[in-house]
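In what follows, a structure is listed as structure tokens, so that the remarks can point back to it.
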Amino acid sequence: MNGMTRRERQVTDMDEIIKILDKAKVLHLGLVDGDEPYVVPMNYGYEMNGDKLTIWLHGAPQGRKIDLMKQNPKVFFEMDCDITPFEGDVACRYGITYSSIMGKGTATIVEDAEEKKHGLVVLMQTQTDKDFTFDDKIVKVVSVIKIDVSEYTAKHRPMPKR
Ligand SMILES: Cc1cc2nc3c(=O)[nH]c(=O)nc-3n(C[C@H](O)[C@H](O)[C@H](O)COP(=O)(O)OP(=O)(O)OC[C@H]3O[C@@H](n4cnc5c(N)ncnc54)[C@H](O)[C@@H]3O)c2cc1C
């Protein structure tokens, strides 16, 4: 991916990256539809092994996003948190604080029941901080998507000092 224009805002500390992954809760998933982009908001779960990020999604087994992933598994994603607007003395000093992560990867529609259960457990852990178990009936009716993230960056815009 390209370098960040405001390098001073780049977040590289893994603890800070994990905080964003824990807080954001909603991810905007970018897909490729022929020569058009398609973006869909979704809840997610994540795993970080070393600096290897894996994202888990779930949803209905039919629909546009699933169709597109089957045609082209390349995805892009964005998630954000810590959103607080602030005012300024002139229009261009108004702004908003944020913490965000963007990245790209490859989506796989998971078929194996045990791997699907794992993805759902991770998703609910990220969303609720609780451990859930899933029976085979539920696992059959949802689709679980695994995103192997190949690259990501994190950014933070703090509240300006007055
Ligand atoms: C905060 C949030 C969290 C969500 N979490 C999940 C999740 O974890 N899993 C999940 O499966 N879905 C989630 N959804 C719903 C998701 O955004 C999609 O609506 C849903 O997944 C269907 O997507 P699809 O591509 O299959 O669309 P389809 O059902 O095939 O829809 C076809 C068309 O409907 C329109 N459309 C679809 N979704 C939306 C939308 N959200 N808003 C406006 N227009 C839309 C688009 O024009 C699209 O081309 C969430 C939505 C929000 C806002």
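Each chain in the structure tokens gets a letter, A, B and so on, in the order shown; residues start at 1 in every chain, and ligands are counted from 1 in the order they appear.
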
So that I can check the surroundings of Ile138 of chain A, please list as JSON, numbers by chain every protein, DNA and RNA residue that reaches within 12 Å of it, counting only C-alpha atoms and ignoring chain neighbours fewer than 2 positions away.
{"A": [58, 59, 60, 113, 116, 117, 120, 133, 134, 135, 136, 140, 141, 142, 143, 144]}

Written selection (C-alpha atoms) as a compact mmCIF listing (two decimals), in the first residue's frame:
```txt
# COMPACT_ATOMS: atom_id res chain seq x y z
CA HIS A 58 -20.55 -13.94 9.23
CA GLY A 59 -23.83 -13.44 7.41
CA ALA A 60 -26.45 -14.93 5.15
CA ALA A 113 -17.93 -26.90 10.22
CA LYS A 116 -16.84 -22.06 10.95
CA LYS A 117 -17.49 -22.58 14.68
CA LEU A 120 -18.08 -17.51 15.09
CA THR A 133 -20.53 -22.09 21.73
CA PHE A 134 -22.33 -22.93 18.48
CA ASP A 135 -24.22 -26.06 17.53
CA ASP A 136 -24.18 -27.64 14.09
CA LYS A 140 -25.16 -24.78 8.74
CA VAL A 141 -27.37 -21.74 8.12
CA VAL A 142 -24.77 -18.97 8.29
CA SER A 143 -21.85 -18.27 6.05
CA VAL A 144 -18.51 -17.60 7.72
```

Counting only C-alpha atoms and all ligand atoms, what are the residues, protein, DNA or RNA alike, that approach ligand 1 to within 8 Å? I want them as a list of chain:residue names.
A:Val26, A:Leu27, A:Tyr38, A:Val40, A:Pro41, A:Met42, A:Asn43, A:Tyr44, A:Leu57, A:His58, A:Gly59, A:Ala60, A:Gln62, A:Gly63, A:Arg64, A:Lys65, A:Ile66, A:Asp67

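Of the listed residues A:Thr54, A:Thr126, A:Thr108, A:Ser100, the one whose atoms come nearest to Gln10 of chain A is A:Ser100, with distances taken using only C-alpha atoms.
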
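One distance worth recording is that between atom CA of Ile96 of chain A and atom CA of Thr5 of chain A, which is 17.3 Å.
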
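Take the candidates A:His28, A:His118, A:Lys52, A:Lys23 and check each one against Ser99 of chain A using only C-alpha atoms; the shortest distance goes to A:Lys23.
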
Please measure the separation of atom CA of Gly50 of chain A and atom CA of Met124 of chain A, giving the value in Å to one decimal.
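Going from atom CA of Gly50 of chain A over to atom CA of Met124 of chain A, I get 21.3 Å.
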
With a distance cut-off of 12 Å and only C-alpha atoms, select the neighbouring residues of Asn2 of chain A, excluding the residue or stretch itself and same-chain residues fewer than 4 positions from it, and output the selection as a PyMOL selection string.
chain A and resi 6-7+102-103+151-153

Restricting the output to N, CA and C atoms, write the selected residues as a PDB file, in the first residue's frame.
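Written output follows (out.pdb):
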```pdb
ATOM      1  N   ARG A   6       0.333  11.733   6.352  1.00  0.00           N
ATOM      2  CA  ARG A   6       0.609  12.330   7.671  1.00  0.00           C
ATOM      3  C   ARG A   6       1.275  11.263   8.540  1.00  0.00           C
ATOM      4  N   ARG A   7       2.582  11.070   8.328  1.00  0.00           N
ATOM      5  CA  ARG A   7       3.288   9.976   8.987  1.00  0.00           C
ATOM      6  C   ARG A   7       3.242  10.072  10.511  1.00  0.00           C
ATOM      7  N   MET A 102      -6.907   0.321   8.110  1.00  0.00           N
ATOM      8  CA  MET A 102      -7.285  -0.041   6.745  1.00  0.00           C
ATOM      9  C   MET A 102      -6.336  -1.117   6.263  1.00  0.00           C
ATOM     10  N   GLY A 103      -6.843  -2.016   5.428  1.00  0.00           N
ATOM     11  CA  GLY A 103      -5.958  -3.059   4.924  1.00  0.00           C
ATOM     12  C   GLY A 103      -6.579  -3.848   3.801  1.00  0.00           C
ATOM     13  N   GLU A 151      -1.803  -6.933   4.262  1.00  0.00           N
ATOM     14  CA  GLU A 151      -1.200  -5.636   4.637  1.00  0.00           C
ATOM     15  C   GLU A 151      -2.239  -4.806   5.368  1.00  0.00           C
ATOM     16  N   TYR A 152      -1.793  -4.061   6.365  1.00  0.00           N
ATOM     17  CA  TYR A 152      -2.706  -3.112   7.004  1.00  0.00           C
ATOM     18  C   TYR A 152      -1.904  -1.960   7.597  1.00  0.00           C
ATOM     19  N   THR A 153      -2.587  -0.840   7.782  1.00  0.00           N
ATOM     20  CA  THR A 153      -1.984   0.312   8.451  1.00  0.00           C
ATOM     21  C   THR A 153      -2.996   0.840   9.461  1.00  0.00           C
TER      22      THR A 153
END
```

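Excluding segment 72-75 of chain A itself and any same-chain residue fewer than 4 positions from it, the protein and nucleic acid residues within 9 Å of it, counting only C-alpha atoms, are Leu29, Gly30, Leu31, Val32, Asp33, Gly34, Asp67, Leu68, Gly103, Lys104, Gly105, Thr106, Ala107, Thr108 and Ile147 of chain A.
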
From the DSSP assignment of the backbone, select every residue of chain A that is strand (DSSP E), and format the answer as an MDAnalysis selection string.
chainID A and resid 10:11 26:33 36:43 45:49 52:59 74:86 95:110 143:157

Residue nearest Val122 of chain A among A:Gly45, A:Asp148, A:Pro61, A:Asp89 (counting only C-alpha atoms):
A:Gly45

Report as a PyMOL selection string all protein, DNA and RNA residues lying within 6 Å of Ala24 of chain A, evaluated on only C-alpha atoms, omitting residues in the same chain fewer than 3 positions from it.
chain A and resi 20-21+79-81

How far is it from atom CA of His156 of chain A to atom CA of Val11 of chain A, in Å with one decimal?
6.4 Å
